[in-house]
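K.L.:
Handing over start_32.txt, compact mmCIF, C-alpha atoms.
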# COMPACT_ATOMS: atom_id res chain seq x y z
CA MET F 1 -16.12 -22.44 12.54
CA LYS F 2 -12.52 -22.83 11.43
CA LEU F 3 -10.57 -19.62 10.79
CA VAL F 4 -7.07 -19.24 9.37
CA VAL F 5 -4.97 -16.09 9.24
CA VAL F 6 -2.47 -16.35 6.38
CA GLY F 7 0.52 -14.07 6.93
CA ALA F 8 0.04 -14.10 10.69
CA THR F 9 3.65 -13.11 11.43
CA GLY F 10 3.57 -9.84 9.44
CA LEU F 11 2.64 -6.33 10.59
CA VAL F 12 -0.98 -6.60 9.45
CA GLY F 13 -1.22 -10.22 10.61
CA LYS F 14 -0.31 -9.21 14.15
CA VAL F 15 -2.87 -6.41 14.13
CA MET F 16 -5.39 -8.91 12.73
CA LEU F 17 -5.05 -10.99 15.89
CA ASP F 18 -5.50 -7.91 18.08
CA VAL F 19 -8.67 -6.91 16.24
CA LEU F 20 -10.07 -10.47 16.28
CA SER F 21 -9.77 -10.37 20.06
CA GLU F 22 -11.13 -6.84 20.49
CA LEU F 23 -14.14 -7.41 18.23
CA LYS F 24 -14.75 -10.78 19.87
CA PHE F 25 -14.94 -12.62 16.57
CA LYS F 26 -16.19 -16.12 17.39
CA PHE F 27 -14.55 -19.25 16.04
CA ASP F 28 -14.09 -22.81 17.19
CA THR F 29 -10.61 -23.35 15.80
CA LEU F 30 -7.90 -20.87 14.83
CA TYR F 31 -4.96 -21.65 12.57
CA LEU F 32 -2.04 -19.31 11.93
CA ALA F 33 -0.22 -19.78 8.63
CA ALA F 34 2.81 -18.12 7.09
CA SER F 35 5.73 -18.71 4.74
CA SER F 36 8.00 -21.71 5.17
CA LYS F 37 10.60 -19.68 7.08
CA SER F 38 8.05 -19.00 9.83
CA VAL F 39 6.61 -22.52 10.13
CA GLY F 40 6.92 -23.79 13.68
CA LYS F 41 7.14 -20.34 15.21
CA VAL F 42 4.90 -20.01 18.27
CA ILE F 43 2.46 -17.10 18.57
CA THR F 44 0.48 -16.44 21.74
CA TYR F 45 -3.12 -15.32 21.23
CA ASN F 46 -5.56 -14.76 24.10
CA GLY F 47 -3.36 -16.80 26.43
CA ASN F 48 -3.04 -19.78 24.08
CA ASP F 49 0.03 -20.78 22.08
CA TYR F 50 -0.35 -21.48 18.38
CA SER F 51 2.31 -23.08 16.22
CA VAL F 52 2.54 -21.49 12.77
CA ILE F 53 1.71 -23.90 9.95
CA SER F 54 2.35 -23.73 6.21
CA VAL F 55 -0.23 -22.42 3.78
CA GLU F 56 -0.41 -25.88 2.20
CA GLN F 57 -1.27 -27.42 5.58
CA ALA F 58 -3.96 -24.78 6.10
CA ILE F 59 -5.62 -25.67 2.80
CA GLU F 60 -5.77 -29.34 3.78
CA LEU F 61 -7.64 -28.36 6.96
CA LYS F 62 -10.45 -26.84 4.85
CA PRO F 63 -11.13 -23.77 7.00
CA ASP F 64 -14.40 -21.87 6.67
CA ILE F 65 -12.70 -18.49 6.35
CA ALA F 66 -9.13 -17.55 5.42
CA ILE F 67 -7.99 -13.97 5.94
CA PHE F 68 -4.96 -13.26 3.78
CA SER F 69 -2.26 -10.70 4.49
CA ALA F 70 0.65 -12.31 2.72
CA GLY F 71 1.21 -10.35 -0.49
CA GLY F 72 -0.22 -10.48 -3.98
CA SER F 73 1.92 -13.27 -5.39
CA THR F 74 0.99 -15.58 -2.50
CA SER F 75 -2.68 -14.75 -2.88
CA LEU F 76 -2.70 -15.41 -6.62
CA ILE F 77 -1.32 -18.90 -6.01
CA TYR F 78 -3.18 -19.97 -2.89
CA ALA F 79 -6.50 -18.08 -2.73
CA PRO F 80 -8.00 -20.19 -5.57
CA LYS F 81 -6.81 -23.37 -3.83
CA PHE F 82 -8.63 -22.37 -0.64
CA ALA F 83 -11.71 -21.47 -2.68
CA GLU F 84 -11.66 -24.91 -4.30
CA VAL F 85 -12.11 -26.58 -0.89
CA GLY F 86 -15.01 -24.24 -0.04
CA THR F 87 -13.15 -21.61 2.01
CA PHE F 88 -14.13 -17.94 1.90
CA VAL F 89 -10.93 -15.98 1.25
CA ILE F 90 -10.71 -12.33 2.31
CA ASP F 91 -7.59 -10.97 0.67
CA ASN F 92 -5.70 -7.85 1.75
CA SER F 93 -3.41 -7.67 -1.27
CA SER F 94 -4.02 -5.93 -4.59
CA ALA F 95 -4.18 -9.27 -6.44
CA TRP F 96 -7.96 -9.47 -6.89
CA ARG F 97 -9.20 -5.91 -6.37
CA MET F 98 -9.73 -4.97 -10.00
CA ASP F 99 -10.76 -8.45 -11.13
CA ARG F 100 -14.24 -8.01 -12.58
CA THR F 101 -15.32 -11.37 -11.14
CA LYS F 102 -14.39 -10.40 -7.56
CA LYS F 103 -16.18 -8.08 -5.14
CA LEU F 104 -14.25 -5.18 -3.59
CA ILE F 105 -15.84 -4.69 -0.20
CA VAL F 106 -16.10 -2.05 2.50
CA PRO F 107 -18.85 -3.54 4.71
CA GLU F 108 -20.53 -0.24 5.60
CA ILE F 109 -20.88 0.54 1.89
CA ASN F 110 -21.42 -2.57 -0.20
CA ALA F 111 -21.41 -5.78 1.85
CA LEU F 112 -24.94 -6.48 0.60
CA GLU F 113 -23.37 -7.44 -2.74
CA LEU F 114 -21.84 -10.58 -1.22
CA THR F 115 -23.28 -14.02 -1.88
CA GLU F 116 -22.32 -17.56 -0.89
CA ASN F 117 -20.61 -17.88 -4.28
CA ASP F 118 -18.09 -15.11 -3.57
CA LYS F 119 -15.30 -17.35 -2.34
CA ILE F 120 -12.55 -14.78 -3.00
CA ILE F 121 -13.34 -11.32 -1.63
CA ALA F 122 -10.99 -8.39 -2.09
CA ASN F 123 -10.15 -5.99 0.74
CA PRO F 124 -9.51 -2.51 -0.73
CA ASN F 125 -6.30 -0.53 -0.40
CA CYS F 126 -5.85 1.19 2.95
CA SER F 127 -5.94 4.73 1.59
CA THR F 128 -9.00 3.92 -0.51
CA ILE F 129 -11.00 2.49 2.40
CA GLN F 130 -10.80 5.55 4.60
CA MET F 131 -11.62 7.90 1.72
CA VAL F 132 -14.67 6.00 0.45
CA MET F 133 -16.01 5.68 3.99
CA ALA F 134 -16.48 9.45 3.95
CA LEU F 135 -17.37 9.73 0.27
CA ALA F 136 -20.10 7.08 0.07
CA PRO F 137 -22.85 8.87 2.04
CA LEU F 138 -22.02 12.18 0.33
CA HIS F 139 -22.11 10.61 -3.13
CA LYS F 140 -25.48 9.06 -2.39
CA LYS F 141 -27.00 12.41 -1.49
CA TYR F 142 -25.15 14.98 -3.61
CA ARG F 143 -23.55 12.96 -6.47
CA ILE F 144 -19.79 13.40 -6.79
CA LYS F 145 -18.42 14.73 -10.08
CA ARG F 146 -14.71 15.02 -9.33
CA ILE F 147 -12.23 14.20 -6.56
CA VAL F 148 -8.72 15.56 -5.99
CA VAL F 149 -6.90 13.68 -3.23
CA SER F 150 -3.44 14.07 -1.74
CA THR F 151 -2.32 11.47 0.78
CA TYR F 152 0.19 11.60 3.61
CA GLN F 153 0.90 7.95 4.28
CA SER F 154 2.47 6.29 7.30
CA VAL F 155 5.58 4.15 6.95
CA THR F 156 3.61 1.29 8.53
CA GLY F 157 1.87 0.95 5.16
CA SER F 158 5.16 -0.31 3.71
CA GLY F 159 5.80 -3.05 6.26
CA LEU F 160 8.35 -3.80 8.93
CA VAL F 161 11.42 -2.95 6.82
CA ALA F 162 10.07 0.58 6.35
CA VAL F 163 9.38 0.97 10.06
CA ASN F 164 12.91 -0.20 10.83
CA GLN F 165 14.35 2.20 8.26
CA LEU F 166 12.65 5.17 9.93
CA ASN F 167 13.70 4.06 13.41
CA ASN F 168 17.28 3.47 12.26
CA GLU F 169 17.52 6.88 10.63
CA ARG F 170 16.17 8.54 13.77
CA SER F 171 19.03 6.82 15.62
CA ASN F 172 21.49 8.20 13.05
CA ASN F 173 21.98 4.76 11.52
CA PHE F 174 21.79 5.00 7.73
CA ASN F 175 23.31 1.60 6.93
CA GLY F 176 20.41 -0.73 7.70
CA GLU F 177 18.04 -2.42 5.28
CA LYS F 178 16.02 0.14 3.30
CA LYS F 179 12.50 0.14 1.93
CA TYR F 180 12.61 3.57 0.33
CA PRO F 181 14.99 5.02 -2.28
CA HIS F 182 15.59 8.07 -0.06
CA VAL F 183 15.91 8.92 3.62
CA ILE F 184 12.40 9.05 5.11
CA ASP F 185 13.15 10.68 8.48
CA LEU F 186 12.55 14.46 8.39
CA ASN F 187 11.50 14.06 4.78
CA CYS F 188 8.48 13.54 2.50
CA ILE F 189 8.78 11.17 -0.44
CA PRO F 190 6.23 11.76 -3.25
CA GLN F 191 6.32 8.11 -4.25
CA CYS F 192 4.17 5.36 -2.81
CA ASP F 193 4.81 2.10 -4.72
CA ASP F 194 6.26 1.92 -8.23
CA PHE F 195 5.60 4.36 -11.07
CA SER F 196 3.45 3.36 -14.02
CA ASP F 197 4.01 4.46 -17.62
CA ASP F 198 1.88 7.59 -17.12
CA ASP F 199 4.02 8.70 -14.12
CA TYR F 200 1.28 7.94 -11.60
CA THR F 201 2.30 5.51 -8.88
CA LYS F 202 0.43 2.26 -8.35
CA GLU F 203 -0.89 3.66 -5.05
CA GLU F 204 -2.40 6.64 -6.84
CA LEU F 205 -4.01 4.41 -9.45
CA LYS F 206 -5.46 2.23 -6.69
CA LEU F 207 -7.17 5.28 -5.21
CA ILE F 208 -8.60 6.19 -8.59
CA ASN F 209 -9.74 2.78 -9.80
CA GLU F 210 -10.85 1.21 -6.52
CA THR F 211 -12.95 4.22 -5.52
CA LYS F 212 -14.94 4.00 -8.77
CA LYS F 213 -15.49 0.27 -8.31
CA ILE F 214 -16.62 0.51 -4.68
CA LEU F 215 -18.97 3.42 -5.35
CA ASN F 216 -20.10 1.68 -8.56
CA ASP F 217 -19.77 4.88 -10.54
CA TYR F 218 -17.14 5.03 -13.27
CA SER F 219 -18.17 8.54 -14.32
CA ILE F 220 -16.45 10.12 -11.30
CA ARG F 221 -13.28 11.94 -12.29
CA ILE F 222 -10.45 11.34 -9.81
CA THR F 223 -6.84 12.43 -9.59
CA ALA F 224 -4.43 11.55 -6.80
CA THR F 225 -0.97 12.29 -5.40
CA ALA F 226 0.34 9.87 -2.75
CA VAL F 227 3.16 10.91 -0.42
CA ARG F 228 5.07 8.87 2.16
CA VAL F 229 5.71 10.79 5.38
CA PRO F 230 7.80 9.97 8.50
CA VAL F 231 4.74 9.07 10.58
CA MET F 232 3.53 5.94 12.34
CA GLY F 233 -0.07 5.34 13.28
CA GLY F 234 -2.16 6.22 10.28
CA HIS F 235 -2.68 7.70 6.84
CA SER F 236 -3.98 11.24 6.31
CA GLU F 237 -5.73 12.57 3.22
CA SER F 238 -6.63 16.01 1.93
CA VAL F 239 -9.70 15.51 -0.26
CA ASN F 240 -11.38 18.08 -2.51
CA ILE F 241 -14.80 17.05 -3.85
CA GLU F 242 -16.98 18.63 -6.52
CA PHE F 243 -20.67 17.68 -6.40
CA ASP F 244 -23.46 17.84 -8.94
CA ASN F 245 -25.79 19.31 -6.33
CA LYS F 246 -25.70 22.18 -3.86
CA PHE F 247 -25.06 21.47 -0.18
CA GLU F 248 -24.94 23.11 3.22
CA ILE F 249 -21.89 22.53 5.41
CA ASN F 250 -23.99 21.75 8.48
CA ASN F 251 -25.83 19.05 6.53
CA ILE F 252 -22.51 17.54 5.41
CA LYS F 253 -21.28 17.39 9.00
CA GLN F 254 -24.54 15.89 10.24
CA LEU F 255 -24.58 13.26 7.50
CA LEU F 256 -21.00 12.20 8.26
CA SER F 257 -21.68 12.19 12.01
CA GLU F 258 -24.58 9.79 11.46
CA THR F 259 -22.51 7.42 9.31
CA SER F 260 -21.43 4.19 11.02
CA GLY F 261 -17.67 3.94 11.38
CA ILE F 262 -16.99 7.68 11.06
CA ILE F 263 -16.13 10.14 13.82
CA VAL F 264 -16.28 13.84 12.96
CA GLU F 265 -13.61 15.94 14.67
CA ASP F 266 -14.17 19.43 13.37
CA GLU F 267 -13.70 22.30 15.80
CA PRO F 268 -10.66 24.05 14.32
CA ALA F 269 -10.89 27.03 16.69
CA LYS F 270 -10.27 24.58 19.55
CA GLY F 271 -7.53 22.73 17.69
CA LEU F 272 -9.79 19.72 17.16
CA TYR F 273 -9.15 17.93 13.87
CA PRO F 274 -8.05 14.40 12.94
CA MET F 275 -4.41 13.42 13.33
CA PRO F 276 -2.70 10.04 12.85
CA ARG F 277 -1.29 10.16 16.37
CA HIS F 278 -4.84 10.07 17.75
CA ALA F 279 -6.20 7.63 15.17
CA ASN F 280 -3.49 5.08 16.00
CA GLY F 281 -4.99 1.89 17.42
CA LYS F 282 -8.58 2.89 16.63
CA ASN F 283 -10.95 1.26 14.16
CA GLU F 284 -12.91 4.32 13.07
CA VAL F 285 -12.30 6.82 10.27
CA PHE F 286 -11.87 10.42 11.45
CA VAL F 287 -13.03 13.39 9.37
CA GLY F 288 -12.42 17.08 9.94
CA ARG F 289 -11.43 20.42 8.38
CA ILE F 290 -14.81 20.24 6.61
CA ARG F 291 -15.22 23.47 4.69
CA ARG F 292 -16.56 24.85 1.46
CA ASP F 293 -14.14 25.28 -1.44
CA LEU F 294 -14.42 29.03 -2.05
CA SER F 295 -12.86 28.76 -5.51
CA GLN F 296 -15.53 26.62 -7.16
CA ALA F 297 -19.28 26.01 -6.91
CA ASN F 298 -20.63 22.91 -5.13
CA SER F 299 -17.15 21.94 -3.89
CA LEU F 300 -15.90 20.79 -0.51
CA ASN F 301 -12.61 20.22 1.32
CA MET F 302 -12.13 17.50 3.95
CA TRP F 303 -9.28 15.98 5.95
CA ILE F 304 -9.58 12.21 6.51
CA VAL F 305 -7.42 10.11 8.85
CA ALA F 306 -7.45 6.44 9.83
CA ASP F 307 -5.13 3.79 11.22
CA ASN F 308 -4.03 2.09 8.00
CA LEU F 309 -3.34 -1.23 9.72
CA ARG F 310 -6.80 -1.22 11.31
CA LYS F 311 -9.73 0.05 9.21
CA GLY F 312 -7.31 0.23 6.31
CA ALA F 313 -6.57 -3.49 6.51
CA ALA F 314 -7.25 -5.80 9.49
CA THR F 315 -10.48 -4.28 10.82
CA ASN F 316 -12.13 -4.08 7.41
CA ALA F 317 -11.21 -7.70 6.65
CA ILE F 318 -12.61 -8.96 9.96
CA GLN F 319 -15.78 -6.92 9.46
CA ILE F 320 -16.21 -8.72 6.13
CA ALA F 321 -15.74 -12.05 7.90
CA GLN F 322 -18.30 -11.05 10.53
CA TYR F 323 -20.78 -10.15 7.79
CA LEU F 324 -20.35 -13.60 6.23
CA VAL F 325 -21.06 -15.22 9.59
CA ASP F 326 -23.94 -12.96 10.62
CA ASN F 327 -25.70 -13.45 7.30
CA LYS F 328 -25.14 -17.21 7.32
CA LEU F 329 -23.13 -17.21 4.11
CA VAL F 330 -20.66 -19.44 5.93
CA LYS F 331 -22.41 -22.80 6.19
Give the structure from this file in structure tokens form.
P.N.:
Amino acid sequence: MKLVVVGATGLVGKVMLDVLSELKFKFDTLYLAASSKSVGKVITYNGNDYSVISVEQAIELKPDIAIFSAGGSTSLIYAPKFAEVGTFVIDNSSAWRMDRTKKLIVPEINALELTENDKIIANPNCSTIQMVMALAPLHKKYRIKRIVVSTYQSVTGSGLVAVNQLNNERSNNFNGEKKYPHVIDLNCIPQCDDFSDDDYTKEELKLINETKKILNDYSIRITATAVRVPVMGGHSESVNIEFDNKFEINNIKQLLSETSGIIVEDEPAKGLYPMPRHANGKNEVFVGRIRRDLSQANSLNMWIVADNLRKGAATNAIQIAQYLVDNKLVK
């Protein structure tokens, strides 16, 4: 089993290696690939040193699985080239998510859709993954009509430059390289990614379109507002859901508690509810503040938090890879 991590020197790539180790993903040979400027750099993983190779070199080695975290433009160029040599590509970028010929996978929800012919598999957006993890079991039982979601997204979702910008500003240094058009420290920026023609950001459209594709229900009405906040460790989401059918709050909590990959933290009187500080470094999705919407029938409010570099990216991708191995799709 030959595995390559493409984009191994980036924020998600580094977390990818941590999760591979923690989840004890088995391989015979590991290759670490990155852009030309990183070729030759040495990365230590589980006590062994690995020299970073180019993406072109990685293709020639014909790995069984390639996990991509190198940006959409890189994926569009190189994912098909890996697929041509028989490699399963699991891509973290937005390049293939809405391609009708590609599967958009959250293993707990729709991994059963995968076949040996799915050589390029899309990993959903980080904010989408954590939301659909909580929505999927509820949709199955009560049928979702409409979703209103507001996100509070960590700077780690924007990469190392964003993290450095926040740290610099907290040190009263406002002259360093910037990721955001405004100061992020002690601020909230209601813009995640670029704006589209309809004044929604790309991040908001990802939440809308990817959720429908993963749940395989394009009748669900969804609206979203995505906000960048001066937080590290995870994304938070306030989600309001309207169902077709009636529900009881205790049944909602029980159903979520029984769902693999979800931890319910919902004792508000004791100050127990999900927070990014506590979700940091964990692979699960945390759900709390579960309560009935008193303004509208069959409606529910929830607060959902997850480490966006883990379940929102690296963990989900590695779980896809593990599914391919466990179900012998990798020959």
K.L.:
Taking (-17.1, 25.4, 2.0) as a centre in this file's frame and 12 Å as the limit, can you find every polymer residue with an atom that close, using all atoms listed in the file, and give them as number ranges by chain?
P.N.:
F: 240-243, 246-253, 289-302
K.L.:
Export, as a PDB file, in the frame of the given file, the selected residues with C-alpha atoms.
P.N.:
ATOM      1  CA  ASN F 240     -11.380  18.080  -2.510  1.00  0.00           C
ATOM      2  CA  ILE F 241     -14.800  17.050  -3.850  1.00  0.00           C
ATOM      3  CA  GLU F 242     -16.980  18.630  -6.520  1.00  0.00           C
ATOM      4  CA  PHE F 243     -20.670  17.680  -6.400  1.00  0.00           C
ATOM      5  CA  LYS F 246     -25.700  22.180  -3.860  1.00  0.00           C
ATOM      6  CA  PHE F 247     -25.060  21.470  -0.180  1.00  0.00           C
ATOM      7  CA  GLU F 248     -24.940  23.110   3.220  1.00  0.00           C
ATOM      8  CA  ILE F 249     -21.890  22.530   5.410  1.00  0.00           C
ATOM      9  CA  ASN F 250     -23.990  21.750   8.480  1.00  0.00           C
ATOM     10  CA  ASN F 251     -25.830  19.050   6.530  1.00  0.00           C
ATOM     11  CA  ILE F 252     -22.510  17.540   5.410  1.00  0.00           C
ATOM     12  CA  LYS F 253     -21.280  17.390   9.000  1.00  0.00           C
ATOM     13  CA  ARG F 289     -11.430  20.420   8.380  1.00  0.00           C
ATOM     14  CA  ILE F 290     -14.810  20.240   6.610  1.00  0.00           C
ATOM     15  CA  ARG F 291     -15.220  23.470   4.690  1.00  0.00           C
ATOM     16  CA  ARG F 292     -16.560  24.850   1.460  1.00  0.00           C
ATOM     17  CA  ASP F 293     -14.140  25.280  -1.440  1.00  0.00           C
ATOM     18  CA  LEU F 294     -14.420  29.030  -2.050  1.00  0.00           C
ATOM     19  CA  SER F 295     -12.860  28.760  -5.510  1.00  0.00           C
ATOM     20  CA  GLN F 296     -15.530  26.620  -7.160  1.00  0.00           C
ATOM     21  CA  ALA F 297     -19.280  26.010  -6.910  1.00  0.00           C
ATOM     22  CA  ASN F 298     -20.630  22.910  -5.130  1.00  0.00           C
ATOM     23  CA  SER F 299     -17.150  21.940  -3.890  1.00  0.00           C
ATOM     24  CA  LEU F 300     -15.900  20.790  -0.510  1.00  0.00           C
ATOM     25  CA  ASN F 301     -12.610  20.220   1.320  1.00  0.00           C
ATOM     26  CA  MET F 302     -12.130  17.500   3.950  1.00  0.00           C
TER      27      MET F 302
END
K.L.:
At a cut-off of 7 Å from (-4.6, -13.5, 17.4) in the coordinates of the file, what residues are picked up using all atoms listed in the file, written as a list in words?
P.N.:
Lys14, Met16, Leu17, Asp18, Leu20, Ser21, Tyr45 and Asn46 of chain F
K.L.:
Atom CA of His235 of chain F and atom CA of Gly13 of chain F are how many Å apart?
P.N.:
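Value for the atom CA of His235 of chain F-atom CA of Gly13 of chain F distance: 18.4 Å.
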K.L.:
What lies within 12 Å of Phe286 of chain F using only C-alpha atoms, ignoring chain neighbours under 3 positions off, as a PyMOL selection string?
P.N.:
chain F and resi 130-131+133-134+234-237+253+256-257+259-266+272-280+282-283+289-290+302-308+311
K.L.:
Which value, in Å to one decimal, gives the distance between atom CA of Arg310 of chain F and atom CA of Asn125 of chain F?
P.N.:
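So the two atoms, atom CA of Arg310 of chain F and atom CA of Asn125 of chain F, lie 11.7 Å apart.
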K.L.:
Give me the residues near Tyr50 of chain F as an NGL selection string, where near means some atom within 9 Å (using only C-alpha atoms) and where sequence neighbours in that chain fewer than 5 positions away do not count.
P.N.:
:F and (30-32 or 40-45)
K.L.:
Considering all atoms listed in the file, return as number ranges by chain whatever protein or nucleic-acid residues lie within 9 Å of Phe82 of chain F, sequence-local ones (same chain, fewer than 2 positions apart) excluded.
P.N.:
F: 58-60, 62-63, 65-66, 78-80, 84-89, 119-120
K.L.:
Just to confirm, what's the straight-line distance from atom CA of Val52 of chain F to atom CA of Asp91 of chain F in Å (one decimal)?
P.N.:
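Distance reported for this atom pair: 19.0 Å.
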K.L.:
If we count all atoms listed in the file, what is near Gln319 of chain F at a cut-off of 10 Å, once residues fewer than 6 positions away on the same chain are taken out, given as a list in words?
P.N.:
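Counting all atoms listed in the file, the residues come to Val19, Leu20, Leu23, Phe25, Ile105, Val106, Pro107, Glu108, Ala111, Lys311 and Val325 of chain F.
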K.L.:
Which one is closest to Ser69 of chain F: F:Asn110, F:Val5, F:Glu169, F:Phe195? Count all atoms listed in the file.
P.N.:
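Ranked by minimum distance to Ser69 of chain F, first place goes to F:Val5.
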K.L.:
Which of these, F:Thr128, F:Thr151, F:Ser238, F:Gln254, has the shortest distance to Thr225 of chain F once you count all atoms listed in the file?
P.N.:
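Result for the nearest residue to Thr225 of chain F: F:Thr151.
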K.L.:
Looking at all atoms listed in the file, which of F:Ser219, F:Ser38, F:Gln165, F:Ser75 is the one that sits closest to Ile121 of chain F?
P.N.:
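Checking each of F:Ser219, F:Ser38, F:Gln165, F:Ser75 against Ile121 of chain F, counting all atoms listed in the file, the winner is F:Ser75.
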K.L.:
Which one of F:Ser93, F:Ser51, F:Gln57, F:Asn245 sits closest to Ala314 of chain F if you count only C-alpha atoms?
P.N.:
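Result for the nearest residue to Ala314 of chain F: F:Ser93.
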K.L.:
For Val287 of chain F, which residue among F:Val132, F:Leu76, F:Asn123, F:Asn327 is the nearest when counting only C-alpha atoms?
P.N.:
F:Val132
K.L.:
Quick one: of F:Leu186, F:Cys126, F:Ala95, F:Ile220, who's nearest to Ser73 of chain F, counting all atoms listed in the file?
P.N.:
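Going through F:Leu186, F:Cys126, F:Ala95, F:Ile220 one by one, the smallest distance to Ser73 of chain F is for F:Ala95.
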K.L.:
Listed atoms of segment 239-252 of chain F, axis-aligned box, 5 Å per side: centre and edge lengths to one decimal in Å, as AutoDock Vina command-line options?
P.N.:
--center_x -17.8 --center_y 19.3 --center_z -0.2 --size_x 26.1 --size_y 17.6 --size_z 27.4
K.L.:
Using the structure just given, write a file holding C-alpha atoms for segment 206-229 of chain F, as an mmCIF file, in the first residue's frame.
P.N.:
data_model
loop_
_atom_site.group_PDB
_atom_site.id
_atom_site.type_symbol
_atom_site.label_atom_id
_atom_site.label_comp_id
_atom_site.auth_asym_id
_atom_site.auth_seq_id
_atom_site.Cartn_x
_atom_site.Cartn_y
_atom_site.Cartn_z
ATOM 1 C CA LYS F 206 -20.451 25.950 -0.510
ATOM 2 C CA LEU F 207 -22.600 25.416 2.579
ATOM 3 C CA ILE F 208 -25.746 25.681 0.490
ATOM 4 C CA ASN F 209 -24.771 23.575 -2.513
ATOM 5 C CA GLU F 210 -22.619 20.923 -0.837
ATOM 6 C CA THR F 211 -25.214 20.188 1.848
ATOM 7 C CA LYS F 212 -27.850 19.437 -0.795
ATOM 8 C CA LYS F 213 -25.466 17.167 -2.689
ATOM 9 C CA ILE F 214 -24.331 15.196 0.363
ATOM 10 C CA LEU F 215 -27.870 14.732 1.682
ATOM 11 C CA ASN F 216 -29.023 14.008 -1.892
ATOM 12 C CA ASP F 217 -31.981 16.332 -1.521
ATOM 13 C CA TYR F 218 -32.088 19.455 -3.668
ATOM 14 C CA SER F 219 -35.494 20.489 -2.331
ATOM 15 C CA ILE F 220 -34.009 21.694 0.978
ATOM 16 C CA ARG F 221 -33.998 25.478 1.209
ATOM 17 C CA ILE F 222 -30.769 26.802 2.721
ATOM 18 C CA THR F 223 -29.405 30.250 3.456
ATOM 19 C CA ALA F 224 -26.048 31.010 5.055
ATOM 20 C CA THR F 225 -23.918 33.801 6.514
ATOM 21 C CA ALA F 226 -20.230 32.998 7.092
ATOM 22 C CA VAL F 227 -18.154 35.097 9.497
ATOM 23 C CA ARG F 228 -14.428 34.988 10.235
ATOM 24 C CA VAL F 229 -13.647 35.374 13.944
#
